[in-house]
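For reference, the structure discussed in these notes is given below.
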Amino acid sequence: MVNRRDFLKSASLLSMGALAACNSKETAAAPAAEVNNPDKNFGIQIYSLGNELYAGNLADNFKRLKNMGFKYMELAGYDVNTNKVGGVDFSEFKKMANDAGLAIPSSHVNAPALFSGVAGRESRDGSDGQFNRSMIDKVAESFKKVAEDHAKQGIEYVIHPMLAYLKNEDDVKGFAEMLNKSGEVFKAAGIKFGFHNHNMEFARMVKGVDGFRLPTVLTPLTPADGPMIMDLLMDNTDPANVCFEMDIYWTVMGQQDPVVWLKNRANRIEMLHVKDFVVLGASGAMNFKNIFEQFYANGKKYLFAEIEDIDSGKQFARMEDSMKFITSQTYVK
Ligand code: MG
């Protein structure tokens, strides 16, 4: 059984090769020197702030995000059992955000029938996320309440943030079918449904006795000539039901160039998670300029800043530094 957490850890050690490959000369991130127009169309994935978002006064914290330059946010932490976000009533949460000048176009929600934890705080003890085809209808059914709650708040997108535990090519295709059926539930509620990647989706399958299976050690560098999980997900989902939110940091950690994916899958990648090692732009390793230019050329709109390490106690400060960088870059619209 592939251990997701171990994979994420080990894959992050492999990063520099891919970063070098994706980091062409003119695109190394410049220091935040060139001030263009601080008024950018940029959002935040609130997972980035962890519990800091809820420390003190939430309305004031929303204003702080607005003052950093954010226009909109993507939720994490919605709980289907309570219809609360981070423990705050969904309607109240949305009103406070809107009052601060922040729209909420999107929300991360794991399938309730598949993961017991709320998005961003999934159980990592291995008991969650075990998938088999018999769960497809149950998962789609479990999304009905999610769709209803989000439709009431006028949320445009609901995104499934995690890949399930999968064994072989048939499981991957079954997971794609699950996304398709779930997408139909959301479509009926007037919401677009999508999937958010980590690095594991860029692993290729290996040939086993019963067809292709996932490699035992799930890394994109495992010698394997089978299909890539991400291609299977995109090829086996209906664009009318399922879009993709590409996390560009995890894509690079998967040894892939986000620009290539944005060119080849222009009609499937709807939104981006914009991430660096920590503070956006600080490493100089992420190819933001070329990535954003291709994203804009594709006619897409929503960019969400994201930072991991959510229990650091420094997430607001890191986001402030990140937005100083973003708002100073002339190529950011
Ligand atoms: Mg992400």
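Ligands are numbered from 1 in the order shown, residues from 1 within each chain, and chains are lettered A, B, ... in the order they appear in the structure tokens.
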Closest-contact table, chain A side, partner ligand 1, 7 Å, counting only C-alpha atoms and all ligand atoms, as a tab-separated table:
residue	atom	partner	partner_atom_place_in_ligand_line	distance
A:His196	CA	ligand 1	1 (Mg)	6.8
A:Asp247	CA	ligand 1	1 (Mg)	4.8
A:His273	CA	ligand 1	1 (Mg)	5.2
A:Glu306	CA	ligand 1	1 (Mg)	6.4
I need the strand (DSSP E or B) residues of stretch 92-301 of chain A per DSSP on the backbone, written as a ChimeraX atom specification.
/A:103-108,130,157-160,165,168,192-196,204,206-208,211-213,228,243-247,269-274
List as a ChimeraX atom specification the protein and nucleic acid residues near A:Lys84, meaning an atom at most 12 Å away when only C-alpha atoms are counted, but skip any in the same chain fewer than 2 places from it.
/A:75-82,86-94,118,146,149-150,153
Pull the alpha helix (DSSP H) assignments for stretch 39-242 of chain A out of DSSP run on the backbone, and list those residues as a ChimeraX atom specification.
/A:58-68,90-99,136-152,169-188,229-235
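Here atom CA of A:Met68 stands at a distance of 20.7 Å from atom CA of A:Met271.
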Using only C-alpha atoms, which residues sit within 12 Å of A:Phe62 once same-chain residues fewer than 2 positions away are excluded, as a PDB file with N, CA, C and O atoms, in the first residue's frame?
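Generated file (part_26.pdb):
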ATOM      1  N   ILE A  44      -6.648  33.715  -2.135  1.00  0.00           N
ATOM      2  CA  ILE A  44      -5.910  32.902  -1.164  1.00  0.00           C
ATOM      3  C   ILE A  44      -6.677  31.612  -0.886  1.00  0.00           C
ATOM      4  O   ILE A  44      -7.913  31.625  -0.786  1.00  0.00           O
ATOM      5  N   ILE A  46      -7.455  29.448   1.987  1.00  0.00           N
ATOM      6  CA  ILE A  46      -7.363  29.760   3.415  1.00  0.00           C
ATOM      7  C   ILE A  46      -6.757  28.633   4.251  1.00  0.00           C
ATOM      8  O   ILE A  46      -6.370  28.852   5.405  1.00  0.00           O
ATOM      9  N   LEU A  49      -3.504  29.430   6.144  1.00  0.00           N
ATOM     10  CA  LEU A  49      -3.393  30.169   7.410  1.00  0.00           C
ATOM     11  C   LEU A  49      -3.593  29.278   8.625  1.00  0.00           C
ATOM     12  O   LEU A  49      -3.324  29.698   9.755  1.00  0.00           O
ATOM     13  N   GLU A  52      -4.463  30.195  12.484  1.00  0.00           N
ATOM     14  CA  GLU A  52      -4.242  31.644  12.638  1.00  0.00           C
ATOM     15  C   GLU A  52      -5.420  32.460  12.133  1.00  0.00           C
ATOM     16  O   GLU A  52      -5.685  33.554  12.627  1.00  0.00           O
ATOM     17  N   LEU A  53      -6.127  31.910  11.118  1.00  0.00           N
ATOM     18  CA  LEU A  53      -7.270  32.655  10.570  1.00  0.00           C
ATOM     19  C   LEU A  53      -8.329  32.892  11.644  1.00  0.00           C
ATOM     20  O   LEU A  53      -9.029  33.900  11.619  1.00  0.00           O
ATOM     21  N   TYR A  54      -8.428  31.924  12.576  1.00  0.00           N
ATOM     22  CA  TYR A  54      -9.501  31.980  13.571  1.00  0.00           C
ATOM     23  C   TYR A  54      -9.029  32.545  14.920  1.00  0.00           C
ATOM     24  O   TYR A  54      -9.806  32.622  15.862  1.00  0.00           O
ATOM     25  N   ALA A  55      -7.759  32.912  14.995  1.00  0.00           N
ATOM     26  CA  ALA A  55      -7.241  33.503  16.240  1.00  0.00           C
ATOM     27  C   ALA A  55      -7.637  34.980  16.272  1.00  0.00           C
ATOM     28  O   ALA A  55      -7.477  35.686  15.284  1.00  0.00           O
ATOM     29  N   GLY A  56      -8.158  35.421  17.381  1.00  0.00           N
ATOM     30  CA  GLY A  56      -8.609  36.809  17.468  1.00  0.00           C
ATOM     31  C   GLY A  56      -9.930  36.980  16.741  1.00  0.00           C
ATOM     32  O   GLY A  56     -10.754  36.069  16.726  1.00  0.00           O
ATOM     33  N   ASN A  57     -10.097  38.126  16.100  1.00  0.00           N
ATOM     34  CA  ASN A  57     -11.364  38.467  15.471  1.00  0.00           C
ATOM     35  C   ASN A  57     -11.344  38.094  13.988  1.00  0.00           C
ATOM     36  O   ASN A  57     -10.527  38.611  13.224  1.00  0.00           O
ATOM     37  N   LEU A  58     -12.258  37.214  13.582  1.00  0.00           N
ATOM     38  CA  LEU A  58     -12.251  36.715  12.202  1.00  0.00           C
ATOM     39  C   LEU A  58     -12.497  37.843  11.196  1.00  0.00           C
ATOM     40  O   LEU A  58     -11.841  37.917  10.150  1.00  0.00           O
ATOM     41  N   ALA A  59     -13.434  38.732  11.519  1.00  0.00           N
ATOM     42  CA  ALA A  59     -13.737  39.846  10.599  1.00  0.00           C
ATOM     43  C   ALA A  59     -12.483  40.713  10.391  1.00  0.00           C
ATOM     44  O   ALA A  59     -12.189  41.129   9.264  1.00  0.00           O
ATOM     45  N   ASP A  60     -11.749  40.949  11.462  1.00  0.00           N
ATOM     46  CA  ASP A  60     -10.503  41.737  11.343  1.00  0.00           C
ATOM     47  C   ASP A  60      -9.467  40.993  10.515  1.00  0.00           C
ATOM     48  O   ASP A  60      -8.727  41.600   9.737  1.00  0.00           O
ATOM     49  N   ARG A  64      -7.570  42.084   7.113  1.00  0.00           N
ATOM     50  CA  ARG A  64      -6.112  42.008   6.954  1.00  0.00           C
ATOM     51  C   ARG A  64      -5.749  41.371   5.603  1.00  0.00           C
ATOM     52  O   ARG A  64      -4.841  41.831   4.911  1.00  0.00           O
ATOM     53  N   LEU A  65      -6.492  40.325   5.240  1.00  0.00           N
ATOM     54  CA  LEU A  65      -6.259  39.679   3.935  1.00  0.00           C
ATOM     55  C   LEU A  65      -6.590  40.634   2.794  1.00  0.00           C
ATOM     56  O   LEU A  65      -5.868  40.714   1.800  1.00  0.00           O
ATOM     57  N   LYS A  66      -7.677  41.358   2.936  1.00  0.00           N
ATOM     58  CA  LYS A  66      -8.072  42.329   1.911  1.00  0.00           C
ATOM     59  C   LYS A  66      -6.966  43.392   1.750  1.00  0.00           C
ATOM     60  O   LYS A  66      -6.604  43.753   0.632  1.00  0.00           O
ATOM     61  N   ASN A  67      -6.448  43.838   2.886  1.00  0.00           N
ATOM     62  CA  ASN A  67      -5.401  44.868   2.841  1.00  0.00           C
ATOM     63  C   ASN A  67      -4.100  44.356   2.220  1.00  0.00           C
ATOM     64  O   ASN A  67      -3.303  45.137   1.710  1.00  0.00           O
ATOM     65  N   MET A  68      -3.877  43.048   2.301  1.00  0.00           N
ATOM     66  CA  MET A  68      -2.690  42.482   1.644  1.00  0.00           C
ATOM     67  C   MET A  68      -2.821  42.523   0.129  1.00  0.00           C
ATOM     68  O   MET A  68      -1.828  42.402  -0.585  1.00  0.00           O
ATOM     69  N   GLY A  69      -4.068  42.641  -0.361  1.00  0.00           N
ATOM     70  CA  GLY A  69      -4.288  42.682  -1.808  1.00  0.00           C
ATOM     71  C   GLY A  69      -5.145  41.551  -2.337  1.00  0.00           C
ATOM     72  O   GLY A  69      -5.363  41.456  -3.541  1.00  0.00           O
ATOM     73  N   PHE A  70      -5.624  40.697  -1.452  1.00  0.00           N
ATOM     74  CA  PHE A  70      -6.467  39.593  -1.931  1.00  0.00           C
ATOM     75  C   PHE A  70      -7.867  40.094  -2.290  1.00  0.00           C
ATOM     76  O   PHE A  70      -8.429  40.946  -1.605  1.00  0.00           O
ATOM     77  N   LYS A  71      -8.410  39.500  -3.371  1.00  0.00           N
ATOM     78  CA  LYS A  71      -9.771  39.854  -3.809  1.00  0.00           C
ATOM     79  C   LYS A  71     -10.771  38.756  -3.448  1.00  0.00           C
ATOM     80  O   LYS A  71     -11.955  39.006  -3.354  1.00  0.00           O
ATOM     81  N   TYR A  72     -10.253  37.545  -3.342  1.00  0.00           N
ATOM     82  CA  TYR A  72     -11.176  36.428  -3.131  1.00  0.00           C
ATOM     83  C   TYR A  72     -10.465  35.285  -2.407  1.00  0.00           C
ATOM     84  O   TYR A  72      -9.231  35.284  -2.274  1.00  0.00           O
ATOM     85  N   MET A  73     -11.236  34.346  -1.928  1.00  0.00           N
ATOM     86  CA  MET A  73     -10.657  33.218  -1.189  1.00  0.00           C
ATOM     87  C   MET A  73     -11.284  31.896  -1.632  1.00  0.00           C
ATOM     88  O   MET A  73     -12.389  31.841  -2.154  1.00  0.00           O
ATOM     89  N   PHE A  93     -19.861  33.104   7.970  1.00  0.00           N
ATOM     90  CA  PHE A  93     -18.506  33.151   7.422  1.00  0.00           C
ATOM     91  C   PHE A  93     -18.505  33.940   6.115  1.00  0.00           C
ATOM     92  O   PHE A  93     -17.697  34.840   5.894  1.00  0.00           O
ATOM     93  N   LYS A  94     -19.456  33.604   5.247  1.00  0.00           N
ATOM     94  CA  LYS A  94     -19.501  34.242   3.931  1.00  0.00           C
ATOM     95  C   LYS A  94     -19.822  35.728   4.055  1.00  0.00           C
ATOM     96  O   LYS A  94     -19.218  36.573   3.384  1.00  0.00           O
ATOM     97  N   LYS A  95     -20.746  36.066   4.939  1.00  0.00           N
ATOM     98  CA  LYS A  95     -21.120  37.470   5.102  1.00  0.00           C
ATOM     99  C   LYS A  95     -19.925  38.285   5.599  1.00  0.00           C
ATOM    100  O   LYS A  95     -19.636  39.372   5.092  1.00  0.00           O
ATOM    101  N   MET A  96     -19.205  37.730   6.569  1.00  0.00           N
ATOM    102  CA  MET A  96     -18.029  38.440   7.097  1.00  0.00           C
ATOM    103  C   MET A  96     -16.970  38.649   6.019  1.00  0.00           C
ATOM    104  O   MET A  96     -16.364  39.708   5.929  1.00  0.00           O
ATOM    105  N   ALA A  97     -16.754  37.601   5.206  1.00  0.00           N
ATOM    106  CA  ALA A  97     -15.767  37.711   4.123  1.00  0.00           C
ATOM    107  C   ALA A  97     -16.208  38.765   3.115  1.00  0.00           C
ATOM    108  O   ALA A  97     -15.422  39.639   2.725  1.00  0.00           O
ATOM    109  N   ASN A  98     -17.466  38.696   2.708  1.00  0.00           N
ATOM    110  CA  ASN A  98     -17.981  39.661   1.728  1.00  0.00           C
ATOM    111  C   ASN A  98     -17.937  41.084   2.284  1.00  0.00           C
ATOM    112  O   ASN A  98     -17.591  42.024   1.564  1.00  0.00           O
ATOM    113  N   ASP A  99     -18.276  41.239   3.556  1.00  0.00           N
ATOM    114  CA  ASP A  99     -18.229  42.568   4.179  1.00  0.00           C
ATOM    115  C   ASP A  99     -16.812  43.148   4.153  1.00  0.00           C
ATOM    116  O   ASP A  99     -16.617  44.359   4.098  1.00  0.00           O
ATOM    117  N   ALA A 100     -15.822  42.243   4.213  1.00  0.00           N
ATOM    118  CA  ALA A 100     -14.425  42.690   4.166  1.00  0.00           C
ATOM    119  C   ALA A 100     -13.944  42.914   2.729  1.00  0.00           C
ATOM    120  O   ALA A 100     -12.812  43.331   2.503  1.00  0.00           O
ATOM    121  N   GLY A 101     -14.826  42.616   1.756  1.00  0.00           N
ATOM    122  CA  GLY A 101     -14.454  42.815   0.355  1.00  0.00           C
ATOM    123  C   GLY A 101     -13.853  41.593  -0.301  1.00  0.00           C
ATOM    124  O   GLY A 101     -13.203  41.690  -1.342  1.00  0.00           O
ATOM    125  N   LEU A 102     -14.060  40.428   0.315  1.00  0.00           N
ATOM    126  CA  LEU A 102     -13.510  39.178  -0.230  1.00  0.00           C
ATOM    127  C   LEU A 102     -14.637  38.290  -0.762  1.00  0.00           C
ATOM    128  O   LEU A 102     -15.565  37.955  -0.011  1.00  0.00           O
ATOM    129  N   ALA A 103     -14.548  37.931  -2.042  1.00  0.00           N
ATOM    130  CA  ALA A 103     -15.509  36.990  -2.623  1.00  0.00           C
ATOM    131  C   ALA A 103     -15.072  35.562  -2.287  1.00  0.00           C
ATOM    132  O   ALA A 103     -13.918  35.326  -1.901  1.00  0.00           O
ATOM    133  N   ILE A 104     -15.987  34.609  -2.412  1.00  0.00           N
ATOM    134  CA  ILE A 104     -15.654  33.189  -2.195  1.00  0.00           C
ATOM    135  C   ILE A 104     -16.102  32.384  -3.410  1.00  0.00           C
ATOM    136  O   ILE A 104     -17.217  31.858  -3.442  1.00  0.00           O
ATOM    137  N   PHE A 316       0.375  34.259   8.577  1.00  0.00           N
ATOM    138  CA  PHE A 316      -0.067  35.593   8.139  1.00  0.00           C
ATOM    139  C   PHE A 316       1.124  36.407   7.644  1.00  0.00           C
ATOM    140  O   PHE A 316       1.063  37.056   6.597  1.00  0.00           O
TER     141      PHE A 316
END
From the set A:Phe202, A:Trp250, A:Phe186, A:Tyr296, which residue has the shortest atom-to-atom contact distance to A:Phe277, counting only C-alpha atoms?
A:Trp250
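Residues lying within 7 Å of A:Tyr157, counting only C-alpha atoms and ignoring same-chain neighbours fewer than 6 positions away, are Pro105, Ser106, Ser107, Ile191, Lys192 and Phe193 of chain A.
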